Amino acid sequence: MTNPITATILVVDDVPENITTLSGMLRDKYRVIFATSGAEALQIVSEQKVDLILLDVMMPEMDGFEVCRRLKMNIATKEIPVIFVTALSEVSDEAKGLELGAADYLHKPCHSVIVKLRIQMHLEKVDQNLRLENLVRERTAELSDTRIEIVRRLGRAAEYRDNETGMHVIRMSKSSCLLALAAGVSRAQAQLIMDAAPMHDVGKIGIPDSILIKPGPLEPAEWKIMRTHPGIGAQIIGEHSSELLKLARTIALTHHEKWDGSGYPNGLAGENIPLEGRIVTIADVFDALTSTRPYKRAWTVEDALDHMTKQVGITFDPKLFPLFVKLIPQVLAIREEFNDSLNTST
């Protein structure tokens with residue numbers, strides 16, 4: 001349960017006097033931090049845990065609506081309650097904010113009692129949702145385990161096409177979980193990434209063996225076919241209400257996108273690439289480089305990291321990759337535990 005004394009409230013407003021007013025209302029009960037722009041607010045939530053955000057709408061450069069949209073698109077921040085605090089009074093403005101995922105709407109000037117009650121209500125709602133999620137998780141554990149096992153086995157089935165043991169998907173999925181946690185993703189979401197990641201290359205099922213396991217460089221026409229496997233993977237997984245399968249589809253479709261926009265299949269760039277896709281890309285490439293395949297030798301850890309370092313800002317997220325480097329001892333421990341010489345019959 002969120003402890004009111006330690007809960008962190010982020011106040012976002014470009015007018016210092018408004019920040020002072022709201023901070024004065026809340027400082028006796030909460031830890032209050034502030035940002036004077038949308039960009040600064042997004043930076044703060046990427047670096048530390050925030051329990052609730054009081055967000056002004058009318059700000060220069062990036063307004064509150066855009067800040068909320070970005071928060072709700074990011075797997076690491078989408079669950080943070082956002083309360084708009086604004087002088088806008090049109091019903092259409094309030095409707096827009098709620099449609100973007102805001103939890104509530106307060107009109108300036110704000111009364112201290114109302115602000116405190118609304119914040120308390122939404123923090124309690126988060127706690128209630130967490131308790132409900134835990135209860136549902138306990139009651140559906142067996143079904144969930146079965147679904148996860150099917151996803152993992154299908155991912156390993158695809159991996160058998162060019163890696164006879166299929167241990168790559170286990171290693172890279174566990175490494176993805178470590179990196180997600182290091183990036184500030186909640187433990188539940190990091191676990192979900194680990195469970196969904198084995199499906200990242202399921203689209204390889206649709207690639208001919210003559211291309212997939214060709215012992216040499218691919219011709220341009222062959223590369224064109226190889227680059228279709230993310231889309232094939234997305235089609236195989238389909239569109240479902242299951243959060244696990246939604247995440248698996250996103251990962252399958254985006255793990256070959258590159259930070260500079262030169263990846264495939266959609267040429268996404270920067271933070272337009274979903275965080276889960278950026279995470280899996282790093283874990284996948286490292287394990288692939290350091291593994292033996294029919295068409296390549298295994299690289300040393302040093303050579304792999306040197307090569308990947310040169311690709312930071314081109315292929316890899318400049319913020320995520322340094323976090324991954326710090327995790328190398330743990331990644332290598334996973335590699336030792338799930339090496340390609342293991343019997344994978346179970």
# chains A, B, ... in the order shown; residues from 1 in each chain; ligands from 1
>>> residues_around(residues="segment 266-273 of chain A", least_positions_apart="2", cutoff="12 Å", atoms="only C-alpha atoms", output="VMD selection string")
chain A and resid 42 70 to 71 73 to 75 227 to 228 230 to 231 250 to 251 253 to 264 275 to 281 312 to 320
>>> select_by_dssp(residues="segment 44-231 of chain A", states="strand (DSSP E)", output="number ranges by chain")
A: 52-55, 82-86, 104-107
>>> closest_residue(among="A:Ala298, A:Pro265, A:Leu26, A:Ser89", to="Val113 of chain A", atoms="only C-alpha atoms")
A:Leu26
>>> select_by_dssp(residues="segment 194-266 of chain A", states="alpha helix (DSSP H)", output="ChimeraX atom specification")
/A:194-196,209-212,220-226,229-237,243-254
>>> closest_residue(among="A:Gln330, A:Met172, A:Cys177, A:Pro274", to="Phe286 of chain A", atoms="only C-alpha atoms")
A:Met172
>>> closest_residue(among="A:Pro198, A:Gly38, A:Gly184, A:Pro217", to="Ile170 of chain A", atoms="only C-alpha atoms")
A:Pro198
>>> residues_around(residues="Glu336 of chain A", least_positions_apart="4", cutoff="12 Å", atoms="only C-alpha atoms", output="VMD selection string")
chain A and resid 167 to 168 170 to 171 287 329 to 332 340 to 342
>>> write_last_selection(atoms="N, CA and C atoms", output="mmCIF file, in the first residue's frame")
data_model
loop_
_atom_site.group_PDB
_atom_site.id
_atom_site.type_symbol
_atom_site.label_atom_id
_atom_site.label_comp_id
_atom_site.auth_asym_id
_atom_site.auth_seq_id
_atom_site.Cartn_x
_atom_site.Cartn_y
_atom_site.Cartn_z
ATOM 1 N N MET A 167 18.215 -22.246 -26.625
ATOM 2 C CA MET A 167 18.446 -21.611 -25.329
ATOM 3 C C MET A 167 18.565 -20.088 -25.446
ATOM 4 N N HIS A 168 18.774 -19.593 -26.645
ATOM 5 C CA HIS A 168 18.908 -18.147 -26.859
ATOM 6 C C HIS A 168 17.708 -17.390 -26.312
ATOM 7 N N ILE A 170 15.680 -18.107 -23.938
ATOM 8 C CA ILE A 170 15.643 -18.078 -22.476
ATOM 9 C C ILE A 170 16.619 -17.036 -21.958
ATOM 10 N N ARG A 171 17.844 -17.051 -22.509
ATOM 11 C CA ARG A 171 18.861 -16.103 -22.044
ATOM 12 C C ARG A 171 18.451 -14.665 -22.312
ATOM 13 N N ASP A 287 23.202 -11.381 -26.999
ATOM 14 C CA ASP A 287 23.248 -12.846 -26.933
ATOM 15 C C ASP A 287 23.494 -13.462 -28.305
ATOM 16 N N PRO A 329 27.829 -8.798 -15.600
ATOM 17 C CA PRO A 329 28.091 -9.959 -14.734
ATOM 18 C C PRO A 329 26.858 -10.847 -14.542
ATOM 19 N N GLN A 330 25.688 -10.215 -14.365
ATOM 20 C CA GLN A 330 24.463 -10.992 -14.206
ATOM 21 C C GLN A 330 24.043 -11.656 -15.513
ATOM 22 N N VAL A 331 24.242 -10.960 -16.628
ATOM 23 C CA VAL A 331 23.911 -11.523 -17.937
ATOM 24 C C VAL A 331 24.787 -12.748 -18.221
ATOM 25 N N LEU A 332 26.055 -12.667 -17.870
ATOM 26 C CA LEU A 332 26.960 -13.796 -18.091
ATOM 27 C C LEU A 332 26.620 -14.966 -17.168
ATOM 28 N N ASP A 340 24.264 -23.432 -24.334
ATOM 29 C CA ASP A 340 23.730 -24.196 -25.466
ATOM 30 C C ASP A 340 24.027 -25.691 -25.409
ATOM 31 N N SER A 341 24.820 -26.122 -24.436
ATOM 32 C CA SER A 341 25.102 -27.555 -24.325
ATOM 33 C C SER A 341 24.072 -28.273 -23.481
ATOM 34 N N LEU A 342 23.133 -27.506 -22.875
ATOM 35 C CA LEU A 342 22.126 -28.124 -22.013
ATOM 36 C C LEU A 342 21.139 -28.949 -22.808
#
>>> closest_residue(among="A:Glu133, A:Glu17, A:Asp104, A:Glu90", to="Met121 of chain A", atoms="only C-alpha atoms")
A:Asp104
>>> closest_residue(among="A:Glu40, A:Asp127, A:Asp284, A:Asp306", to="Met62 of chain A", atoms="only C-alpha atoms")
A:Glu40
>>> atom_distance(atom1="atom CA of Val301 of chain A", atom2="atom CA of Val185 of chain A")
26.0 Å
>>> atom_distance(atom1="atom CA of Glu124 of chain A", atom2="atom CA of Lys49 of chain A")
17.0 Å
>>> residues_around(residues="segment 81-88 of chain A", least_positions_apart="5", cutoff="6 Å", atoms="only C-alpha atoms", output="list of chain:residue names")
A:Leu52, A:Ile53, A:Leu54, A:Leu55, A:Asp56, A:Val57, A:Ala102, A:Ala103, A:Asp104, A:Tyr105, A:Leu106, A:His107, A:Lys108
>>> closest_residue(among="A:Arg27, A:His229, A:Lys116, A:His240", to="His200 of chain A", atoms="only C-alpha atoms")
A:His229
>>> atom_distance(atom1="atom CA of Ala248 of chain A", atom2="atom CA of Ser175 of chain A")
15.8 Å
>>> residues_around(residues="Ile9 of chain A", least_positions_apart="4", cutoff="7 Å", atoms="only C-alpha atoms", output="ChimeraX atom specification")
/A:30-33,50-53
>>> residues_around(residues="Ser176 of chain A", least_positions_apart="2", cutoff="8 Å", atoms="only C-alpha atoms", output="list in words")
Met172, Ser173, Lys174, Leu178, Leu179, Ala180, Ala190, Ile193, Met194, Ala197, Ile279, Val280, Ile282 and Ala283 of chain A
>>> decode(residues="segment 212-260 of chain A", atoms="N, CA and C atoms", output="PDB file, in the first residue's frame")
ATOM      1  N   LEU A 212      17.388 -18.483 -43.899  1.00  0.00           N
ATOM      2  CA  LEU A 212      17.558 -18.403 -42.445  1.00  0.00           C
ATOM      3  C   LEU A 212      18.877 -19.003 -41.978  1.00  0.00           C
ATOM      4  N   ILE A 213      19.281 -20.124 -42.544  1.00  0.00           N
ATOM      5  CA  ILE A 213      20.512 -20.791 -42.096  1.00  0.00           C
ATOM      6  C   ILE A 213      21.581 -20.790 -43.186  1.00  0.00           C
ATOM      7  N   LYS A 214      21.515 -19.828 -44.077  1.00  0.00           N
ATOM      8  CA  LYS A 214      22.520 -19.718 -45.129  1.00  0.00           C
ATOM      9  C   LYS A 214      23.892 -19.452 -44.505  1.00  0.00           C
ATOM     10  N   PRO A 215      24.905 -20.267 -44.797  1.00  0.00           N
ATOM     11  CA  PRO A 215      26.242 -20.107 -44.196  1.00  0.00           C
ATOM     12  C   PRO A 215      27.059 -19.024 -44.890  1.00  0.00           C
ATOM     13  N   GLY A 216      26.549 -17.823 -44.917  1.00  0.00           N
ATOM     14  CA  GLY A 216      27.256 -16.733 -45.573  1.00  0.00           C
ATOM     15  C   GLY A 216      26.355 -15.527 -45.693  1.00  0.00           C
ATOM     16  N   PRO A 217      26.883 -14.410 -46.226  1.00  0.00           N
ATOM     17  CA  PRO A 217      26.095 -13.177 -46.339  1.00  0.00           C
ATOM     18  C   PRO A 217      24.864 -13.368 -47.219  1.00  0.00           C
ATOM     19  N   LEU A 218      23.799 -12.674 -46.891  1.00  0.00           N
ATOM     20  CA  LEU A 218      22.575 -12.734 -47.677  1.00  0.00           C
ATOM     21  C   LEU A 218      22.640 -11.749 -48.837  1.00  0.00           C
ATOM     22  N   GLU A 219      22.044 -12.133 -49.943  1.00  0.00           N
ATOM     23  CA  GLU A 219      21.906 -11.234 -51.080  1.00  0.00           C
ATOM     24  C   GLU A 219      20.798 -10.211 -50.771  1.00  0.00           C
ATOM     25  N   PRO A 220      20.797  -9.073 -51.465  1.00  0.00           N
ATOM     26  CA  PRO A 220      19.758  -8.059 -51.217  1.00  0.00           C
ATOM     27  C   PRO A 220      18.341  -8.609 -51.261  1.00  0.00           C
ATOM     28  N   ALA A 221      18.057  -9.464 -52.225  1.00  0.00           N
ATOM     29  CA  ALA A 221      16.712 -10.040 -52.329  1.00  0.00           C
ATOM     30  C   ALA A 221      16.404 -10.934 -51.132  1.00  0.00           C
ATOM     31  N   GLU A 222      17.433 -11.630 -50.651  1.00  0.00           N
ATOM     32  CA  GLU A 222      17.248 -12.490 -49.485  1.00  0.00           C
ATOM     33  C   GLU A 222      17.027 -11.658 -48.220  1.00  0.00           C
ATOM     34  N   TRP A 223      17.764 -10.540 -48.123  1.00  0.00           N
ATOM     35  CA  TRP A 223      17.581  -9.651 -46.975  1.00  0.00           C
ATOM     36  C   TRP A 223      16.170  -9.078 -46.957  1.00  0.00           C
ATOM     37  N   LYS A 224      15.641  -8.796 -48.136  1.00  0.00           N
ATOM     38  CA  LYS A 224      14.283  -8.259 -48.220  1.00  0.00           C
ATOM     39  C   LYS A 224      13.288  -9.248 -47.618  1.00  0.00           C
ATOM     40  N   ILE A 225      13.506 -10.534 -47.903  1.00  0.00           N
ATOM     41  CA  ILE A 225      12.632 -11.570 -47.338  1.00  0.00           C
ATOM     42  C   ILE A 225      12.863 -11.697 -45.834  1.00  0.00           C
ATOM     43  N   MET A 226      14.128 -11.675 -45.402  1.00  0.00           N
ATOM     44  CA  MET A 226      14.439 -11.812 -43.986  1.00  0.00           C
ATOM     45  C   MET A 226      13.793 -10.686 -43.174  1.00  0.00           C
ATOM     46  N   ARG A 227      13.748  -9.507 -43.750  1.00  0.00           N
ATOM     47  CA  ARG A 227      13.215  -8.347 -43.032  1.00  0.00           C
ATOM     48  C   ARG A 227      11.691  -8.402 -42.880  1.00  0.00           C
ATOM     49  N   THR A 228      11.062  -9.410 -43.441  1.00  0.00           N
ATOM     50  CA  THR A 228       9.609  -9.549 -43.270  1.00  0.00           C
ATOM     51  C   THR A 228       9.252 -10.300 -41.993  1.00  0.00           C
ATOM     52  N   HIS A 229      10.248 -10.877 -41.306  1.00  0.00           N
ATOM     53  CA  HIS A 229       9.890 -11.742 -40.180  1.00  0.00           C
ATOM     54  C   HIS A 229       9.246 -11.011 -38.993  1.00  0.00           C
ATOM     55  N   PRO A 230       9.549  -9.722 -38.716  1.00  0.00           N
ATOM     56  CA  PRO A 230       8.789  -9.057 -37.644  1.00  0.00           C
ATOM     57  C   PRO A 230       7.295  -8.969 -37.952  1.00  0.00           C
ATOM     58  N   GLY A 231       6.983  -8.638 -39.193  1.00  0.00           N
ATOM     59  CA  GLY A 231       5.577  -8.563 -39.583  1.00  0.00           C
ATOM     60  C   GLY A 231       4.896  -9.914 -39.546  1.00  0.00           C
ATOM     61  N   ILE A 232       5.619 -10.947 -39.977  1.00  0.00           N
ATOM     62  CA  ILE A 232       5.072 -12.307 -39.914  1.00  0.00           C
ATOM     63  C   ILE A 232       4.807 -12.687 -38.464  1.00  0.00           C
ATOM     64  N   GLY A 233       5.757 -12.339 -37.591  1.00  0.00           N
ATOM     65  CA  GLY A 233       5.586 -12.635 -36.175  1.00  0.00           C
ATOM     66  C   GLY A 233       4.358 -11.969 -35.595  1.00  0.00           C
ATOM     67  N   ALA A 234       4.155 -10.691 -35.957  1.00  0.00           N
ATOM     68  CA  ALA A 234       2.981  -9.966 -35.468  1.00  0.00           C
ATOM     69  C   ALA A 234       1.694 -10.611 -35.947  1.00  0.00           C
ATOM     70  N   GLN A 235       1.698 -11.103 -37.182  1.00  0.00           N
ATOM     71  CA  GLN A 235       0.514 -11.768 -37.724  1.00  0.00           C
ATOM     72  C   GLN A 235       0.261 -13.096 -37.013  1.00  0.00           C
ATOM     73  N   ILE A 236       1.325 -13.844 -36.725  1.00  0.00           N
ATOM     74  CA  ILE A 236       1.171 -15.123 -36.033  1.00  0.00           C
ATOM     75  C   ILE A 236       0.576 -14.908 -34.639  1.00  0.00           C
ATOM     76  N   ILE A 237       1.091 -13.910 -33.916  1.00  0.00           N
ATOM     77  CA  ILE A 237       0.597 -13.646 -32.565  1.00  0.00           C
ATOM     78  C   ILE A 237      -0.807 -13.085 -32.609  1.00  0.00           C
ATOM     79  N   GLY A 238      -1.089 -12.230 -33.597  1.00  0.00           N
ATOM     80  CA  GLY A 238      -2.428 -11.667 -33.746  1.00  0.00           C
ATOM     81  C   GLY A 238      -2.709 -10.561 -32.756  1.00  0.00           C
ATOM     82  N   GLU A 239      -3.941 -10.097 -32.743  1.00  0.00           N
ATOM     83  CA  GLU A 239      -4.364  -9.035 -31.840  1.00  0.00           C
ATOM     84  C   GLU A 239      -5.358  -9.603 -30.831  1.00  0.00           C
ATOM     85  N   HIS A 240      -4.956  -9.561 -29.553  1.00  0.00           N
ATOM     86  CA  HIS A 240      -5.749 -10.165 -28.490  1.00  0.00           C
ATOM     87  C   HIS A 240      -5.883  -9.184 -27.324  1.00  0.00           C
ATOM     88  N   SER A 241      -6.828  -9.467 -26.440  1.00  0.00           N
ATOM     89  CA  SER A 241      -7.000  -8.647 -25.251  1.00  0.00           C
ATOM     90  C   SER A 241      -5.962  -8.978 -24.187  1.00  0.00           C
ATOM     91  N   SER A 242      -5.323 -10.142 -24.297  1.00  0.00           N
ATOM     92  CA  SER A 242      -4.310 -10.558 -23.327  1.00  0.00           C
ATOM     93  C   SER A 242      -3.142  -9.581 -23.317  1.00  0.00           C
ATOM     94  N   GLU A 243      -2.799  -9.052 -22.127  1.00  0.00           N
ATOM     95  CA  GLU A 243      -1.682  -8.126 -22.019  1.00  0.00           C
ATOM     96  C   GLU A 243      -0.381  -8.789 -22.444  1.00  0.00           C
ATOM     97  N   LEU A 244      -0.242 -10.076 -22.115  1.00  0.00           N
ATOM     98  CA  LEU A 244       0.955 -10.812 -22.493  1.00  0.00           C
ATOM     99  C   LEU A 244       1.106 -10.875 -24.007  1.00  0.00           C
ATOM    100  N   LEU A 245       0.032 -11.227 -24.709  1.00  0.00           N
ATOM    101  CA  LEU A 245       0.110 -11.357 -26.156  1.00  0.00           C
ATOM    102  C   LEU A 245       0.223  -9.992 -26.838  1.00  0.00           C
ATOM    103  N   LYS A 246      -0.391  -8.964 -26.255  1.00  0.00           N
ATOM    104  CA  LYS A 246      -0.205  -7.613 -26.797  1.00  0.00           C
ATOM    105  C   LYS A 246       1.274  -7.222 -26.750  1.00  0.00           C
ATOM    106  N   LEU A 247       1.896  -7.497 -25.609  1.00  0.00           N
ATOM    107  CA  LEU A 247       3.300  -7.154 -25.438  1.00  0.00           C
ATOM    108  C   LEU A 247       4.177  -7.991 -26.360  1.00  0.00           C
ATOM    109  N   ALA A 248       3.862  -9.275 -26.487  1.00  0.00           N
ATOM    110  CA  ALA A 248       4.626 -10.150 -27.372  1.00  0.00           C
ATOM    111  C   ALA A 248       4.548  -9.662 -28.819  1.00  0.00           C
ATOM    112  N   ARG A 249       3.371  -9.194 -29.226  1.00  0.00           N
ATOM    113  CA  ARG A 249       3.207  -8.696 -30.593  1.00  0.00           C
ATOM    114  C   ARG A 249       4.045  -7.434 -30.804  1.00  0.00           C
ATOM    115  N   THR A 250       4.004  -6.524 -29.830  1.00  0.00           N
ATOM    116  CA  THR A 250       4.786  -5.290 -29.933  1.00  0.00           C
ATOM    117  C   THR A 250       6.277  -5.597 -30.029  1.00  0.00           C
ATOM    118  N   ILE A 251       6.749  -6.519 -29.206  1.00  0.00           N
ATOM    119  CA  ILE A 251       8.168  -6.882 -29.216  1.00  0.00           C
ATOM    120  C   ILE A 251       8.551  -7.513 -30.548  1.00  0.00           C
ATOM    121  N   ALA A 252       7.716  -8.436 -31.034  1.00  0.00           N
ATOM    122  CA  ALA A 252       8.004  -9.083 -32.315  1.00  0.00           C
ATOM    123  C   ALA A 252       8.104  -8.051 -33.438  1.00  0.00           C
ATOM    124  N   LEU A 253       7.248  -7.032 -33.364  1.00  0.00           N
ATOM    125  CA  LEU A 253       7.170  -6.052 -34.450  1.00  0.00           C
ATOM    126  C   LEU A 253       8.244  -4.970 -34.368  1.00  0.00           C
ATOM    127  N   THR A 254       8.818  -4.739 -33.183  1.00  0.00           N
ATOM    128  CA  THR A 254       9.703  -3.577 -33.025  1.00  0.00           C
ATOM    129  C   THR A 254      11.138  -3.898 -32.626  1.00  0.00           C
ATOM    130  N   HIS A 255      11.494  -5.169 -32.445  1.00  0.00           N
ATOM    131  CA  HIS A 255      12.837  -5.457 -31.931  1.00  0.00           C
ATOM    132  C   HIS A 255      13.937  -5.282 -32.970  1.00  0.00           C
ATOM    133  N   HIS A 256      13.579  -4.987 -34.215  1.00  0.00           N
ATOM    134  CA  HIS A 256      14.594  -4.665 -35.226  1.00  0.00           C
ATOM    135  C   HIS A 256      14.538  -3.194 -35.648  1.00  0.00           C
ATOM    136  N   GLU A 257      13.754  -2.390 -34.933  1.00  0.00           N
ATOM    137  CA  GLU A 257      13.798  -0.948 -35.155  1.00  0.00           C
ATOM    138  C   GLU A 257      15.076  -0.396 -34.522  1.00  0.00           C
ATOM    139  N   LYS A 258      15.588   0.696 -35.072  1.00  0.00           N
ATOM    140  CA  LYS A 258      16.839   1.275 -34.583  1.00  0.00           C
ATOM    141  C   LYS A 258      16.620   2.702 -34.095  1.00  0.00           C
ATOM    142  N   TRP A 259      17.422   3.093 -33.135  1.00  0.00           N
ATOM    143  CA  TRP A 259      17.280   4.397 -32.494  1.00  0.00           C
ATOM    144  C   TRP A 259      17.282   5.537 -33.513  1.00  0.00           C
ATOM    145  N   ASP A 260      18.094   5.423 -34.572  1.00  0.00           N
ATOM    146  CA  ASP A 260      18.191   6.518 -35.546  1.00  0.00           C
ATOM    147  C   ASP A 260      17.145   6.426 -36.658  1.00  0.00           C
TER     148      ASP A 260
END
